[in-house]
Amino acid sequence: MATRMAALAPWCVLVACGGPAEPAASPETEAAGERAAEGAPEAAPGAAAPADDDAKPASAAGSATSDADINAILQLVVDDPELDAHLHLGEPGRFPLQLAGEGLPSTLKLVKATEPVKLVAGPQSKKDAVLVVTEIEVQGDKATVRYRYDVEGVRGTVSLAKLPHGWELKNSRLVEH
């Protein structure tokens with residue numbers, strides 16, 4: 001259906017799907033196509049591919065996961081009702097929500113309870129109210145996020161799926177430790 005819609009006039013696509021036509025290829029895919037067209041040598045079998053993991057969590061590194069996907073995934077995590085019960089944002093030092101995690105994109109823009117989430121280096125002690133993202137694993141249209149919130153003594157795992165309309169939280173499990 002997308003192929004047929006792309007052949008229609010642009011106004012038809014806007015009316016038919018509620019948004020613009022599919023985006024053009026990203027600069028990364030265009031650059032890869034240019035390298036292939038130029039006859040750039042391919043990596044030997046078994047050789048490690050160059051990693052572009054500067055802005056992505058280690059577990060999402062090397063994948064086609066965009067910062068926008070990471071942002072959407074983490075927004076669903078901070079909005080998770082299972083987690084809400086443990087955040088206690090009305091207590092002193094808990095609002096706005098503070099988030100930490102290695103390799104989180106610097107462009108991350110999350111909101112919790114009408115305020116931007118603060119990205120911090122990490123908790124100094126287990127008494128600091130900092131939600132720590134310990135892992136983001138994205139494989140195709142599935143994602144898993146693991147986190148801890150030491151001040152409340154909880155750890156959580158959230159499973160998500162990417163559907164045609166975007167990412168959706170599928171399962172959330174929170175345990176006290």
# chains A, B, ... in the order shown; residues from 1 in each chain; ligands from 1

call {"tool": "residues_around", "arguments": {"residues": "Val120 (chain A)", "least_positions_apart": "5", "cutoff": "10 Å", "atoms": "only C-alpha atoms", "output": "JSON, numbers by chain"}}
result
{"A": [98, 99, 100, 101, 130, 131, 132]}

call {"tool": "residues_around", "arguments": {"residues": "Asp84 (chain A)", "least_positions_apart": "4", "cutoff": "12 Å", "atoms": "only C-alpha atoms", "output": "ChimeraX atom specification"}}
result
/A:76-80,88-90,94,97,112-113,131,149,152,154,156,172,174

call {"tool": "write_last_selection", "arguments": {"atoms": "all heavy atoms", "output": "tab-separated table (two decimals), in the first residue's frame"}}
result
chain	number	residue	atom	x	y	z
A	76	LEU	N	8.18	6.35	26.83
A	76	LEU	CA	7.21	5.35	27.28
A	76	LEU	C	7.62	4.74	28.62
A	76	LEU	O	6.76	4.46	29.46
A	76	LEU	CB	7.07	4.26	26.22
A	76	LEU	CG	6.32	4.69	24.95
A	76	LEU	CD1	6.49	3.65	23.86
A	76	LEU	CD2	4.85	4.92	25.25
A	77	VAL	N	8.90	4.57	28.83
A	77	VAL	CA	9.38	4.01	30.10
A	77	VAL	C	9.07	4.97	31.25
A	77	VAL	O	8.53	4.56	32.28
A	77	VAL	CB	10.89	3.67	30.04
A	77	VAL	CG1	11.43	3.32	31.42
A	77	VAL	CG2	11.13	2.53	29.05
A	78	VAL	N	9.41	6.25	31.10
A	78	VAL	CA	9.17	7.19	32.21
A	78	VAL	C	7.68	7.44	32.43
A	78	VAL	O	7.28	7.84	33.52
A	78	VAL	CB	9.94	8.53	32.07
A	78	VAL	CG1	11.44	8.30	32.02
A	78	VAL	CG2	9.48	9.34	30.89
A	79	ASP	N	6.85	7.17	31.43
A	79	ASP	CA	5.40	7.32	31.57
A	79	ASP	C	4.72	6.04	32.05
A	79	ASP	O	3.50	6.03	32.23
A	79	ASP	CB	4.77	7.74	30.23
A	79	ASP	CG	5.09	9.19	29.88
A	79	ASP	OD1	5.46	9.96	30.79
A	79	ASP	OD2	4.99	9.54	28.69
A	80	ASP	N	5.47	4.98	32.25
A	80	ASP	CA	4.92	3.68	32.65
A	80	ASP	C	4.20	3.79	34.00
A	80	ASP	O	4.81	4.20	35.00
A	80	ASP	CB	6.05	2.66	32.73
A	80	ASP	CG	5.59	1.27	33.12
A	80	ASP	OD1	4.38	1.01	33.17
A	80	ASP	OD2	6.47	0.42	33.38
A	88	HIS	N	7.22	8.81	43.39
A	88	HIS	CA	6.88	9.76	44.47
A	88	HIS	C	7.40	11.16	44.15
A	88	HIS	O	8.16	11.75	44.92
A	88	HIS	CB	7.42	9.26	45.81
A	88	HIS	CG	6.93	7.90	46.17
A	88	HIS	ND1	5.64	7.63	46.52
A	88	HIS	CD2	7.59	6.72	46.23
A	88	HIS	CE1	5.51	6.34	46.78
A	88	HIS	NE2	6.66	5.75	46.61
A	89	LEU	N	6.98	11.68	43.00
A	89	LEU	CA	7.47	12.97	42.54
A	89	LEU	C	7.08	14.13	43.44
A	89	LEU	O	7.67	15.21	43.34
A	89	LEU	CB	6.99	13.23	41.11
A	89	LEU	CG	7.54	12.26	40.05
A	89	LEU	CD1	6.91	12.55	38.70
A	89	LEU	CD2	9.05	12.32	39.98
A	90	GLY	N	6.13	13.94	44.35
A	90	GLY	CA	5.74	14.99	45.28
A	90	GLY	C	6.68	15.15	46.45
A	90	GLY	O	6.63	16.15	47.17
A	94	ARG	N	12.64	14.95	44.39
A	94	ARG	CA	12.24	13.95	43.40
A	94	ARG	C	11.69	14.56	42.11
A	94	ARG	O	11.43	13.84	41.16
A	94	ARG	CB	11.19	13.02	43.99
A	94	ARG	CG	11.59	12.34	45.26
A	94	ARG	CD	11.84	10.88	45.03
A	94	ARG	NE	12.15	10.19	46.26
A	94	ARG	CZ	11.66	9.02	46.57
A	94	ARG	NH1	10.84	8.40	45.78
A	94	ARG	NH2	12.02	8.44	47.70
A	97	LEU	N	12.05	14.74	37.51
A	97	LEU	CA	12.68	13.43	37.46
A	97	LEU	C	14.09	13.56	36.90
A	97	LEU	O	14.33	14.29	35.95
A	97	LEU	CB	11.84	12.50	36.56
A	97	LEU	CG	12.39	11.09	36.36
A	97	LEU	CD1	12.44	10.32	37.68
A	97	LEU	CD2	11.55	10.34	35.35
A	112	LYS	N	8.30	14.52	32.12
A	112	LYS	CA	7.56	13.78	33.13
A	112	LYS	C	6.80	14.80	33.97
A	112	LYS	O	7.40	15.72	34.53
A	112	LYS	CB	8.52	12.96	34.01
A	112	LYS	CG	7.82	12.13	35.06
A	112	LYS	CD	6.97	11.06	34.41
A	112	LYS	CE	6.30	10.20	35.45
A	112	LYS	NZ	5.31	9.32	34.86
A	113	ALA	N	5.49	14.63	34.04
A	113	ALA	CA	4.62	15.52	34.83
A	113	ALA	C	4.83	16.98	34.45
A	113	ALA	O	5.05	17.83	35.32
A	113	ALA	CB	4.84	15.29	36.32
A	131	LEU	N	16.70	7.86	38.34
A	131	LEU	CA	16.32	6.69	37.58
A	131	LEU	C	17.49	6.35	36.66
A	131	LEU	O	17.88	7.16	35.83
A	131	LEU	CB	15.05	6.96	36.77
A	131	LEU	CG	14.50	5.81	35.95
A	131	LEU	CD1	14.04	4.67	36.85
A	131	LEU	CD2	13.36	6.28	35.08
A	149	TYR	N	15.92	2.07	40.31
A	149	TYR	CA	15.62	3.30	41.05
A	149	TYR	C	15.95	2.99	42.50
A	149	TYR	O	15.10	2.54	43.27
A	149	TYR	CB	14.14	3.67	40.84
A	149	TYR	CG	13.76	5.07	41.25
A	149	TYR	CD1	14.44	6.19	40.77
A	149	TYR	CD2	12.69	5.28	42.10
A	149	TYR	CE1	14.07	7.47	41.13
A	149	TYR	CE2	12.31	6.57	42.47
A	149	TYR	CZ	13.01	7.65	41.98
A	149	TYR	OH	12.64	8.94	42.34
A	152	GLU	N	14.14	3.84	45.94
A	152	GLU	CA	12.95	3.05	46.28
A	152	GLU	C	13.25	1.56	46.29
A	152	GLU	O	12.36	0.76	46.56
A	152	GLU	CB	11.81	3.34	45.30
A	152	GLU	CG	11.21	4.72	45.47
A	152	GLU	CD	10.47	4.89	46.78
A	152	GLU	OE1	9.81	3.94	47.24
A	152	GLU	OE2	10.56	5.99	47.35
A	154	VAL	N	13.95	-0.49	43.70
A	154	VAL	CA	13.26	-1.23	42.65
A	154	VAL	C	14.12	-1.34	41.39
A	154	VAL	O	14.98	-0.50	41.13
A	154	VAL	CB	11.89	-0.59	42.28
A	154	VAL	CG1	10.93	-0.65	43.45
A	154	VAL	CG2	12.05	0.82	41.79
A	156	GLY	N	13.43	-2.53	37.17
A	156	GLY	CA	12.35	-2.76	36.22
A	156	GLY	C	12.84	-3.20	34.87
A	156	GLY	O	13.97	-2.93	34.48
A	172	SER	N	5.53	-4.61	31.32
A	172	SER	CA	6.36	-3.94	32.31
A	172	SER	C	6.41	-4.79	33.56
A	172	SER	O	5.38	-5.25	34.03
A	172	SER	CB	5.77	-2.56	32.61
A	172	SER	OG	6.53	-1.92	33.61
A	174	LEU	N	8.23	-4.77	37.45
A	174	LEU	CA	9.00	-4.05	38.44
A	174	LEU	C	9.13	-4.94	39.67
A	174	LEU	O	8.15	-5.53	40.10
A	174	LEU	CB	8.23	-2.78	38.81
A	174	LEU	CG	9.09	-1.64	39.29
A	174	LEU	CD1	9.12	-0.58	38.22
A	174	LEU	CD2	8.50	-1.07	40.54

call {"tool": "atom_distance", "arguments": {"atom1": "CA of Ser106 (chain A)", "atom2": "CA of Thr65 (chain A)"}}
result
14.8 Å

call {"tool": "residues_around", "arguments": {"residues": "Arg155 (chain A)", "least_positions_apart": "3", "cutoff": "12 Å", "atoms": "only C-alpha atoms", "output": "list in words"}}
result
Glu82, Leu83, His86, Leu131, Val132, Val133, Thr134, Glu135, Val145, Arg146, Tyr147, Arg148, Tyr149, Asp150, Val151, Glu152, Val158, Ser172, Arg173, Leu174, Val175, Glu176 and His177 of chain A

call {"tool": "write_last_selection", "arguments": {"atoms": "N, CA and C atoms", "output": "tab-separated table (two decimals), in the first residue's frame"}}
result
chain	number	residue	atom	x	y	z
A	82	GLU	N	3.44	1.50	36.06
A	82	GLU	CA	4.11	0.64	37.05
A	82	GLU	C	5.22	1.41	37.76
A	83	LEU	N	5.96	2.20	37.02
A	83	LEU	CA	7.04	3.00	37.60
A	83	LEU	C	6.49	4.19	38.40
A	86	HIS	N	6.23	4.28	42.12
A	86	HIS	CA	7.46	4.29	42.93
A	86	HIS	C	8.25	5.59	42.83
A	131	LEU	N	16.70	7.86	38.34
A	131	LEU	CA	16.32	6.69	37.58
A	131	LEU	C	17.49	6.35	36.66
A	132	VAL	N	18.07	5.17	36.85
A	132	VAL	CA	19.26	4.78	36.09
A	132	VAL	C	18.86	3.74	35.05
A	133	VAL	N	19.05	4.09	33.77
A	133	VAL	CA	18.81	3.14	32.68
A	133	VAL	C	20.07	2.28	32.59
A	134	THR	N	19.91	0.99	32.85
A	134	THR	CA	21.06	0.09	32.85
A	134	THR	C	21.26	-0.60	31.51
A	135	GLU	N	20.19	-0.71	30.71
A	135	GLU	CA	20.32	-1.36	29.41
A	135	GLU	C	19.17	-0.96	28.50
A	145	VAL	N	14.06	-2.40	27.85
A	145	VAL	CA	14.77	-1.42	28.66
A	145	VAL	C	14.80	-1.95	30.09
A	146	ARG	N	15.99	-1.91	30.69
A	146	ARG	CA	16.14	-2.27	32.10
A	146	ARG	C	16.62	-1.04	32.86
A	147	TYR	N	16.09	-0.89	34.06
A	147	TYR	CA	16.45	0.28	34.86
A	147	TYR	C	16.42	-0.08	36.33
A	148	ARG	N	16.97	0.87	37.12
A	148	ARG	CA	16.88	0.73	38.58
A	148	ARG	C	16.60	2.11	39.17
A	149	TYR	N	15.92	2.07	40.31
A	149	TYR	CA	15.62	3.30	41.05
A	149	TYR	C	15.95	2.99	42.50
A	150	ASP	N	17.22	3.18	42.83
A	150	ASP	CA	17.77	2.72	44.11
A	150	ASP	C	17.09	3.34	45.32
A	151	VAL	N	16.67	4.60	45.23
A	151	VAL	CA	16.08	5.27	46.39
A	151	VAL	C	14.82	4.52	46.86
A	152	GLU	N	14.14	3.84	45.94
A	152	GLU	CA	12.95	3.05	46.28
A	152	GLU	C	13.25	1.56	46.29
A	158	VAL	N	11.13	-3.32	30.89
A	158	VAL	CA	10.02	-2.92	30.04
A	158	VAL	C	10.26	-3.48	28.65
A	172	SER	N	5.53	-4.61	31.32
A	172	SER	CA	6.36	-3.94	32.31
A	172	SER	C	6.41	-4.79	33.56
A	173	ARG	N	7.61	-4.98	34.07
A	173	ARG	CA	7.76	-5.76	35.30
A	173	ARG	C	8.70	-4.99	36.22
A	174	LEU	N	8.23	-4.77	37.45
A	174	LEU	CA	9.00	-4.05	38.44
A	174	LEU	C	9.13	-4.94	39.67
A	175	VAL	N	10.34	-5.06	40.17
A	175	VAL	CA	10.56	-5.86	41.38
A	175	VAL	C	11.30	-5.05	42.41
A	176	GLU	N	10.95	-5.30	43.67
A	176	GLU	CA	11.67	-4.66	44.76
A	176	GLU	C	12.84	-5.55	45.14
A	177	HIS	N	13.95	-4.92	45.47
A	177	HIS	CA	15.13	-5.71	45.85
A	177	HIS	C	15.74	-5.18	47.12

call {"tool": "atom_distance", "arguments": {"atom1": "CA of Lys142 (chain A)", "atom2": "CA of Ala161 (chain A)"}}
result
4.6 Å
